[in-house]
Amino acid sequence: MVTRLSTYFLRTLRDDPSDAEVTSHRLLVRAGYIRRQAPGVFAWLPIGLKVKAKIEAIVREEMAAAGAFEVHFPALLPREPFEATGRWEEYGDALFRLQDRKGADYLLAPTHEEVFTLLVKDLYASYKDLPLSIYQIQDKYRDEARPRAGLLRGREFTMKDAYSFDYTDAGLDASYQRQRDAYERIFSRLGLEYVIVKADAGAMGGSQSEEFLHPTPVGEDTFVRSAGGYAANVEAFTTVVPEARPIEGLADAVVHDTPDTPTIQTLVDVANAHHPRDDGRPWTAADTLKNVVLALVALDGTRELVIVGLPGDRDVDLKRIEVAFAPAEVEAATETDFAKNPGLVKGYIGPWSPAGAVLGEESITGIRYLVDPRVVDGTEWITGANEQGRHVFGLVAGRDFTADGVVEASTVVAGDPAPDGSGPVELARGMELGHVFQLGRKFAHALGLKVLDENGKLVTVTMGSYGIGITRVLATIAELNNDDRGLVWPLTVAPFDVHVVATGKDPLVFETAEGISAELESVGLDVLYDDRPKVSPGVKFGDAELIGVPIIVIAGRGVGEGTVEVWDRRTGEREPVAIADAAETVARFRSV
RNA sequence: CGGGGCGUAGCUCAGCUUGGUAGAGCGCCCGGUUUGGGACCGGGAGGUCGCAGGUUCGAAUCCUGUCGCCCCGACCA
């Protein structure tokens, strides 16, 4: 059936909506695809649903090809399964919680691991049933602290989430690989550039995890990559650990007066001015050891101080540190924290003092002390002497102090070596479109999903979880495919295959446009026909450009001479052709 | 949660400083003209000025409180 614009439920806006900043949001609202319902929550209009359905169809095809079966769970779920895995608490404020009339707790699912696991537990009990991959396309809910950028970061969003079930680690590897391969095909078909990066397994638990990031400056994730092929989310980046150096023969540590040096820069200046190195090389920030006081806030609200030591030329990366302490949150220590620990001399904190170790679980303060991986045995540092205005020079790791452990505490900077030896890394921003994840046995264990193996023994199932943000993908495609006049969809996801425009008032124009629409439809194309009477050509052209169907057929002043125009929005090419050749020209344009 | 901005017609906004009958453009309805780049003429419908309280003879405008939204940051399986 040809869709007629005169009666279609579509209304374009002449002005940009005042609450939309990013391009995809602005154009999707203006062209009548979506409407804002609440912050981060959107209603889908017919033309928007069509694009969404096209993306979902591609995903469904590739899921089927990967051997996954589609199911559908409610978005509204009871508390108990999430209680069993601990995620009712772990999710914190990001979880939408609600109660029924009896006061029973429910949630709007942020993701569905628990209920998929329980479904399989309900129905399967034998290794013979495995492997199994099942998925759904369903709306997810996360109460983001600040939804933004329209569909790119909503509180309700559509996600394809797949789950695999195996009873051996090798089986999980294979299932993971199948999903990963499917993702590569999906993003290729959608025409989206992507980088597969190593990801932090995070609070989900599990081992192997990779993200599919679309490189874009507006992305919310920072990742690194090397020319040699290494790619990782900065949160998952691991520092190349230098070789330990011999301690024998190193000079003794010396305490110097370094008045008014609360910052690394002031310290370096004073050190060079008053305590220069013997070898003539100037001191740099990299020679200093910066000790930063942080507070770990556990889920139950308890607060523990921890001190992190890192080279002075590096900044603390709280996100990277948080990976090590998940699910606890990490924040900078407050004045109150310092007041409770008078042993800490702000600006002059260090692990060593003449009276003994100051930092560490076995020290005077008893505060846990962790260092950056670069602080290996035999390295020498300038660091605080735990007295106002004094620093200790030549403090040797492994001789004068030892840490309780190592933590990835520092920011990653361009030029840092990749851990696999593939060269220096560069930093880039990316939008997370997909995530593949080896969950392992965490969920199966918590929920008691076990099967009998070949030997009749109960074994816990191992799982994978695989997500694609459908609505985020849609917004990303819109973000990528537009010009100053509107959207320009790729053929694969365009809401219609061709947009026929009738301009003028000549009945012959409308007859011609009708005929062409019918002909295009008869060869299997989905046609949007602008049959609106008494609407000026400028308005029709403007709407066609805004809506973004890539191929437009214009019936207008040429019909008297037997011609129409076929217009490829993607290239800007407009070609007058005989009416009889219109369908063929459309087909030719579609084939490139 | 910190910082900034904004709530007036369906949409985009003016009016507020200096209180005095609620405005414009677009959109919508009726009639007519127009038809290849967001036409025009005439007539019309449409708003508790976010909400509550206060000051005042009188509040969209001044004061207090409150709610909401947008942007930047923090946060974000």
# chains A, B, ... in the order shown; residues from 1 in each chain; ligands from 1
>>> interface_residues(of="chain B", to="chain A", cutoff="10 Å", atoms="only C-alpha atoms (C1' of nucleotides)", output="list in words")
C1, C11, U12, C26, G27, U34, U35, G36, G37, G38, A39, C69, C70, C71, A74, C75, C76 and A77 of chain B
>>> residues_around(residues="Asn233 in chain A", least_positions_apart="5", cutoff="6 Å", atoms="only C-alpha atoms (C1' of nucleotides)", output="ChimeraX atom specification")
/A:197-199,223
>>> write_last_selection(atoms="N, CA, C and O atoms", output="PDB file, in the first residue's frame")
ATOM      1  N   VAL A 197      36.693  -3.018  21.453  1.00  0.00           N
ATOM      2  CA  VAL A 197      37.686  -2.729  22.483  1.00  0.00           C
ATOM      3  C   VAL A 197      37.515  -3.657  23.678  1.00  0.00           C
ATOM      4  O   VAL A 197      36.404  -4.078  23.995  1.00  0.00           O
ATOM      5  N   LYS A 198      38.615  -3.972  24.304  1.00  0.00           N
ATOM      6  CA  LYS A 198      38.570  -4.697  25.568  1.00  0.00           C
ATOM      7  C   LYS A 198      37.861  -3.819  26.579  1.00  0.00           C
ATOM      8  O   LYS A 198      38.093  -2.626  26.647  1.00  0.00           O
ATOM      9  N   ALA A 199      36.993  -4.438  27.355  1.00  0.00           N
ATOM     10  CA  ALA A 199      36.210  -3.663  28.307  1.00  0.00           C
ATOM     11  C   ALA A 199      36.414  -4.199  29.707  1.00  0.00           C
ATOM     12  O   ALA A 199      36.845  -5.334  29.906  1.00  0.00           O
ATOM     13  N   PHE A 223      38.531   5.485  24.702  1.00  0.00           N
ATOM     14  CA  PHE A 223      39.251   4.240  24.482  1.00  0.00           C
ATOM     15  C   PHE A 223      40.612   4.533  23.896  1.00  0.00           C
ATOM     16  O   PHE A 223      40.882   5.647  23.434  1.00  0.00           O
TER      17      PHE A 223
END
>>> residues_around(residues="range 443-456 of chain A", least_positions_apart="6", cutoff="12 Å", atoms="only C-alpha atoms (C1' of nucleotides)", output="ChimeraX atom specification")
/A:80-87,112-131,163-168,203-206,462-465
>>> atom_distance(atom1="CA of Ile134 in chain A", atom2="CA of Arg178 in chain A")
12.6 Å
>>> residues_around(residues="Val436 in chain A", least_positions_apart="3", cutoff="7 Å", atoms="only C-alpha atoms (C1' of nucleotides)", output="PDB file with all heavy atoms, in the first residue's frame")
ATOM      1  N   ARG A 180      29.683 -12.446  18.816  1.00  0.00           N
ATOM      2  CA  ARG A 180      30.636 -11.419  18.391  1.00  0.00           C
ATOM      3  C   ARG A 180      30.656 -11.312  16.866  1.00  0.00           C
ATOM      4  O   ARG A 180      30.619 -10.209  16.305  1.00  0.00           O
ATOM      5  CB  ARG A 180      32.018 -11.795  18.929  1.00  0.00           C
ATOM      6  CG  ARG A 180      33.076 -10.726  18.826  1.00  0.00           C
ATOM      7  CD  ARG A 180      34.373 -11.304  19.393  1.00  0.00           C
ATOM      8  NE  ARG A 180      35.432 -10.318  19.551  1.00  0.00           N
ATOM      9  CZ  ARG A 180      36.265  -9.961  18.577  1.00  0.00           C
ATOM     10  NH1 ARG A 180      36.143 -10.484  17.379  1.00  0.00           N
ATOM     11  NH2 ARG A 180      37.226  -9.075  18.805  1.00  0.00           N
ATOM     12  N   SER A 209      35.304  -9.558  28.110  1.00  0.00           N
ATOM     13  CA  SER A 209      34.281  -8.571  27.810  1.00  0.00           C
ATOM     14  C   SER A 209      34.806  -7.593  26.776  1.00  0.00           C
ATOM     15  O   SER A 209      35.915  -7.090  26.905  1.00  0.00           O
ATOM     16  CB  SER A 209      33.916  -7.815  29.094  1.00  0.00           C
ATOM     17  OG  SER A 209      33.103  -6.714  28.792  1.00  0.00           O
ATOM     18  N   GLU A 210      34.012  -7.359  25.748  1.00  0.00           N
ATOM     19  CA  GLU A 210      34.412  -6.403  24.725  1.00  0.00           C
ATOM     20  C   GLU A 210      33.236  -5.487  24.389  1.00  0.00           C
ATOM     21  O   GLU A 210      32.087  -5.902  24.385  1.00  0.00           O
ATOM     22  CB  GLU A 210      34.859  -7.125  23.453  1.00  0.00           C
ATOM     23  CG  GLU A 210      36.176  -7.882  23.618  1.00  0.00           C
ATOM     24  CD  GLU A 210      36.450  -8.813  22.453  1.00  0.00           C
ATOM     25  OE1 GLU A 210      35.666  -9.764  22.262  1.00  0.00           O
ATOM     26  OE2 GLU A 210      37.429  -8.576  21.739  1.00  0.00           O
ATOM     27  N   GLU A 211      33.583  -4.255  24.079  1.00  0.00           N
ATOM     28  CA  GLU A 211      32.570  -3.286  23.667  1.00  0.00           C
ATOM     29  C   GLU A 211      32.734  -2.987  22.183  1.00  0.00           C
ATOM     30  O   GLU A 211      33.850  -2.950  21.673  1.00  0.00           O
ATOM     31  CB  GLU A 211      32.741  -1.973  24.436  1.00  0.00           C
ATOM     32  CG  GLU A 211      32.356  -2.065  25.902  1.00  0.00           C
ATOM     33  CD  GLU A 211      32.776  -0.829  26.686  1.00  0.00           C
ATOM     34  OE1 GLU A 211      33.522   0.007  26.146  1.00  0.00           O
ATOM     35  OE2 GLU A 211      32.370  -0.727  27.865  1.00  0.00           O
ATOM     36  N   SER A 465      26.381 -12.718  28.044  1.00  0.00           N
ATOM     37  CA  SER A 465      25.325 -11.725  27.885  1.00  0.00           C
ATOM     38  C   SER A 465      25.769 -10.751  26.799  1.00  0.00           C
ATOM     39  O   SER A 465      26.925 -10.338  26.766  1.00  0.00           O
ATOM     40  CB  SER A 465      25.114 -11.023  29.228  1.00  0.00           C
ATOM     41  OG  SER A 465      24.698  -9.701  29.069  1.00  0.00           O
ATOM     42  N   TYR A 466      24.840 -10.415  25.898  1.00  0.00           N
ATOM     43  CA  TYR A 466      25.227  -9.688  24.691  1.00  0.00           C
ATOM     44  C   TYR A 466      24.184  -8.635  24.364  1.00  0.00           C
ATOM     45  O   TYR A 466      23.026  -8.963  24.085  1.00  0.00           O
ATOM     46  CB  TYR A 466      25.361 -10.671  23.522  1.00  0.00           C
ATOM     47  CG  TYR A 466      26.080 -11.964  23.896  1.00  0.00           C
ATOM     48  CD1 TYR A 466      25.354 -13.079  24.312  1.00  0.00           C
ATOM     49  CD2 TYR A 466      27.468 -12.048  23.881  1.00  0.00           C
ATOM     50  CE1 TYR A 466      26.004 -14.261  24.680  1.00  0.00           C
ATOM     51  CE2 TYR A 466      28.125 -13.214  24.249  1.00  0.00           C
ATOM     52  CZ  TYR A 466      27.382 -14.320  24.657  1.00  0.00           C
ATOM     53  OH  TYR A 466      28.028 -15.474  25.035  1.00  0.00           O
ATOM     54  N   GLY A 467      24.559  -7.377  24.418  1.00  0.00           N
ATOM     55  CA  GLY A 467      23.577  -6.317  24.215  1.00  0.00           C
ATOM     56  C   GLY A 467      23.868  -5.427  23.019  1.00  0.00           C
ATOM     57  O   GLY A 467      25.030  -5.173  22.685  1.00  0.00           O
TER      58      GLY A 467
END
>>> residues_around(residues="A52 in chain B", least_positions_apart="4", cutoff="12 Å", atoms="only C-alpha atoms (C1' of nucleotides)", output="number ranges by chain")
B: 64-67
>>> write_last_selection(atoms="all heavy atoms", output="PDB file, in the first residue's frame")
ATOM      1  P     U B  64      13.192  37.475  46.856  1.00  0.00           P
ATOM      2  OP1   U B  64      14.548  37.502  47.440  1.00  0.00           O
ATOM      3  OP2   U B  64      13.027  37.121  45.423  1.00  0.00           O
ATOM      4  O5'   U B  64      12.276  36.481  47.707  1.00  0.00           O
ATOM      5  C5'   U B  64      12.230  36.588  49.129  1.00  0.00           C
ATOM      6  C4'   U B  64      11.244  35.587  49.686  1.00  0.00           C
ATOM      7  O4'   U B  64       9.896  35.944  49.258  1.00  0.00           O
ATOM      8  C3'   U B  64      11.413  34.151  49.211  1.00  0.00           C
ATOM      9  O3'   U B  64      12.436  33.463  49.901  1.00  0.00           O
ATOM     10  C2'   U B  64      10.027  33.569  49.469  1.00  0.00           C
ATOM     11  O2'   U B  64       9.840  33.283  50.843  1.00  0.00           O
ATOM     12  C1'   U B  64       9.124  34.755  49.093  1.00  0.00           C
ATOM     13  N1    U B  64       8.666  34.674  47.696  1.00  0.00           N
ATOM     14  C2    U B  64       7.574  33.859  47.434  1.00  0.00           C
ATOM     15  O2    U B  64       7.017  33.210  48.297  1.00  0.00           O
ATOM     16  N3    U B  64       7.196  33.809  46.121  1.00  0.00           N
ATOM     17  C4    U B  64       7.757  34.493  45.071  1.00  0.00           C
ATOM     18  O4    U B  64       7.293  34.354  43.935  1.00  0.00           O
ATOM     19  C5    U B  64       8.881  35.314  45.417  1.00  0.00           C
ATOM     20  C6    U B  64       9.290  35.377  46.693  1.00  0.00           C
ATOM     21  P     G B  65      13.245  32.292  49.138  1.00  0.00           P
ATOM     22  OP1   G B  65      14.332  31.868  50.051  1.00  0.00           O
ATOM     23  OP2   G B  65      13.562  32.740  47.770  1.00  0.00           O
ATOM     24  O5'   G B  65      12.170  31.114  49.035  1.00  0.00           O
ATOM     25  C5'   G B  65      11.710  30.469  50.214  1.00  0.00           C
ATOM     26  C4'   G B  65      10.451  29.695  49.937  1.00  0.00           C
ATOM     27  O4'   G B  65       9.481  30.543  49.288  1.00  0.00           O
ATOM     28  C3'   G B  65      10.585  28.521  48.968  1.00  0.00           C
ATOM     29  O3'   G B  65      11.144  27.374  49.579  1.00  0.00           O
ATOM     30  C2'   G B  65       9.119  28.310  48.563  1.00  0.00           C
ATOM     31  O2'   G B  65       8.403  27.651  49.590  1.00  0.00           O
ATOM     32  C1'   G B  65       8.624  29.750  48.468  1.00  0.00           C
ATOM     33  N9    G B  65       8.668  30.250  47.084  1.00  0.00           N
ATOM     34  C8    G B  65       9.557  31.138  46.521  1.00  0.00           C
ATOM     35  N7    G B  65       9.324  31.356  45.253  1.00  0.00           N
ATOM     36  C5    G B  65       8.218  30.559  44.965  1.00  0.00           C
ATOM     37  C6    G B  65       7.504  30.378  43.755  1.00  0.00           C
ATOM     38  O6    G B  65       7.703  30.889  42.651  1.00  0.00           O
ATOM     39  N1    G B  65       6.460  29.471  43.907  1.00  0.00           N
ATOM     40  C2    G B  65       6.143  28.836  45.076  1.00  0.00           C
ATOM     41  N2    G B  65       5.102  27.992  45.035  1.00  0.00           N
ATOM     42  N3    G B  65       6.793  28.994  46.218  1.00  0.00           N
ATOM     43  C4    G B  65       7.813  29.870  46.092  1.00  0.00           C
ATOM     44  P     U B  66      11.994  26.370  48.701  1.00  0.00           P
ATOM     45  OP1   U B  66      12.527  25.327  49.618  1.00  0.00           O
ATOM     46  OP2   U B  66      12.917  27.144  47.838  1.00  0.00           O
ATOM     47  O5'   U B  66      10.888  25.686  47.775  1.00  0.00           O
ATOM     48  C5'   U B  66       9.851  24.889  48.348  1.00  0.00           C
ATOM     49  C4'   U B  66       8.808  24.573  47.306  1.00  0.00           C
ATOM     50  O4'   U B  66       8.273  25.813  46.769  1.00  0.00           O
ATOM     51  C3'   U B  66       9.307  23.833  46.072  1.00  0.00           C
ATOM     52  O3'   U B  66       9.428  22.439  46.282  1.00  0.00           O
ATOM     53  C2'   U B  66       8.233  24.180  45.047  1.00  0.00           C
ATOM     54  O2'   U B  66       7.061  23.416  45.255  1.00  0.00           O
ATOM     55  C1'   U B  66       7.934  25.636  45.407  1.00  0.00           C
ATOM     56  N1    U B  66       8.721  26.584  44.587  1.00  0.00           N
ATOM     57  C2    U B  66       8.280  26.813  43.295  1.00  0.00           C
ATOM     58  O2    U B  66       7.300  26.249  42.836  1.00  0.00           O
ATOM     59  N3    U B  66       9.035  27.691  42.578  1.00  0.00           N
ATOM     60  C4    U B  66      10.150  28.373  43.001  1.00  0.00           C
ATOM     61  O4    U B  66      10.713  29.149  42.229  1.00  0.00           O
ATOM     62  C5    U B  66      10.548  28.081  44.346  1.00  0.00           C
ATOM     63  C6    U B  66       9.838  27.217  45.078  1.00  0.00           C
ATOM     64  P     C B  67      10.507  21.612  45.462  1.00  0.00           P
ATOM     65  OP1   C B  67      10.691  20.315  46.148  1.00  0.00           O
ATOM     66  OP2   C B  67      11.684  22.472  45.203  1.00  0.00           O
ATOM     67  O5'   C B  67       9.755  21.362  44.088  1.00  0.00           O
ATOM     68  C5'   C B  67       8.504  20.682  44.058  1.00  0.00           C
ATOM     69  C4'   C B  67       7.866  20.808  42.708  1.00  0.00           C
ATOM     70  O4'   C B  67       7.558  22.206  42.440  1.00  0.00           O
ATOM     71  C3'   C B  67       8.734  20.417  41.522  1.00  0.00           C
ATOM     72  O3'   C B  67       8.800  19.025  41.323  1.00  0.00           O
ATOM     73  C2'   C B  67       8.036  21.133  40.379  1.00  0.00           C
ATOM     74  O2'   C B  67       6.848  20.469  40.008  1.00  0.00           O
ATOM     75  C1'   C B  67       7.670  22.460  41.050  1.00  0.00           C
ATOM     76  N1    C B  67       8.711  23.484  40.832  1.00  0.00           N
ATOM     77  C2    C B  67       8.708  24.164  39.599  1.00  0.00           C
ATOM     78  O2    C B  67       7.854  23.875  38.746  1.00  0.00           O
ATOM     79  N3    C B  67       9.653  25.117  39.370  1.00  0.00           N
ATOM     80  C4    C B  67      10.557  25.394  40.309  1.00  0.00           C
ATOM     81  N4    C B  67      11.464  26.336  40.036  1.00  0.00           N
ATOM     82  C5    C B  67      10.582  24.706  41.558  1.00  0.00           C
ATOM     83  C6    C B  67       9.643  23.773  41.777  1.00  0.00           C
TER      84        C B  67
END
>>> residues_around(residues="U61 in chain B", least_positions_apart="6", cutoff="12 Å", atoms="only C-alpha atoms (C1' of nucleotides)", output="ChimeraX atom specification")
/B:8,15-20,49
>>> write_last_selection(atoms="C-alpha atoms (C1' of nucleotides)", output="short mmCIF file (atom, residue, chain, number, x, y, z; two decimals), in the first residue's frame")
data_model
loop_
_atom_site.label_atom_id
_atom_site.label_comp_id
_atom_site.auth_asym_id
_atom_site.auth_seq_id
_atom_site.Cartn_x
_atom_site.Cartn_y
_atom_site.Cartn_z
"C1'" U B 8 3.89 33.48 28.36
"C1'" G B 15 6.68 41.71 26.68
"C1'" C B 16 9.20 41.82 32.80
"C1'" U B 17 14.33 46.61 33.84
"C1'" U B 18 10.20 51.29 34.82
"C1'" G B 19 3.11 47.21 37.60
"C1'" G B 20 -2.32 49.63 34.38
"C1'" C B 49 1.52 34.01 31.69
#
>>> residues_around(residues="G44 in chain B", least_positions_apart="4", cutoff="12 Å", atoms="only C-alpha atoms (C1' of nucleotides)", output="number ranges by chain")
B: 28-31
>>> select_by_dssp(residues="range 255-501 of chain A", states="strand (DSSP E)", output="PyMOL selection string")
chain A and resi 255-257+289-297+303-311+329-332+368-371+380-387+390-396+405-406+425-440+450-452+458-460+462-469+482-483+486-487+498-501
>>> atom_distance(atom1="CA of Thr411 in chain A", atom2="CA of Asp93 in chain A")
27.1 Å
>>> atom_distance(atom1="CA of Val412 in chain A", atom2="CA of Ala286 in chain A")
14.4 Å
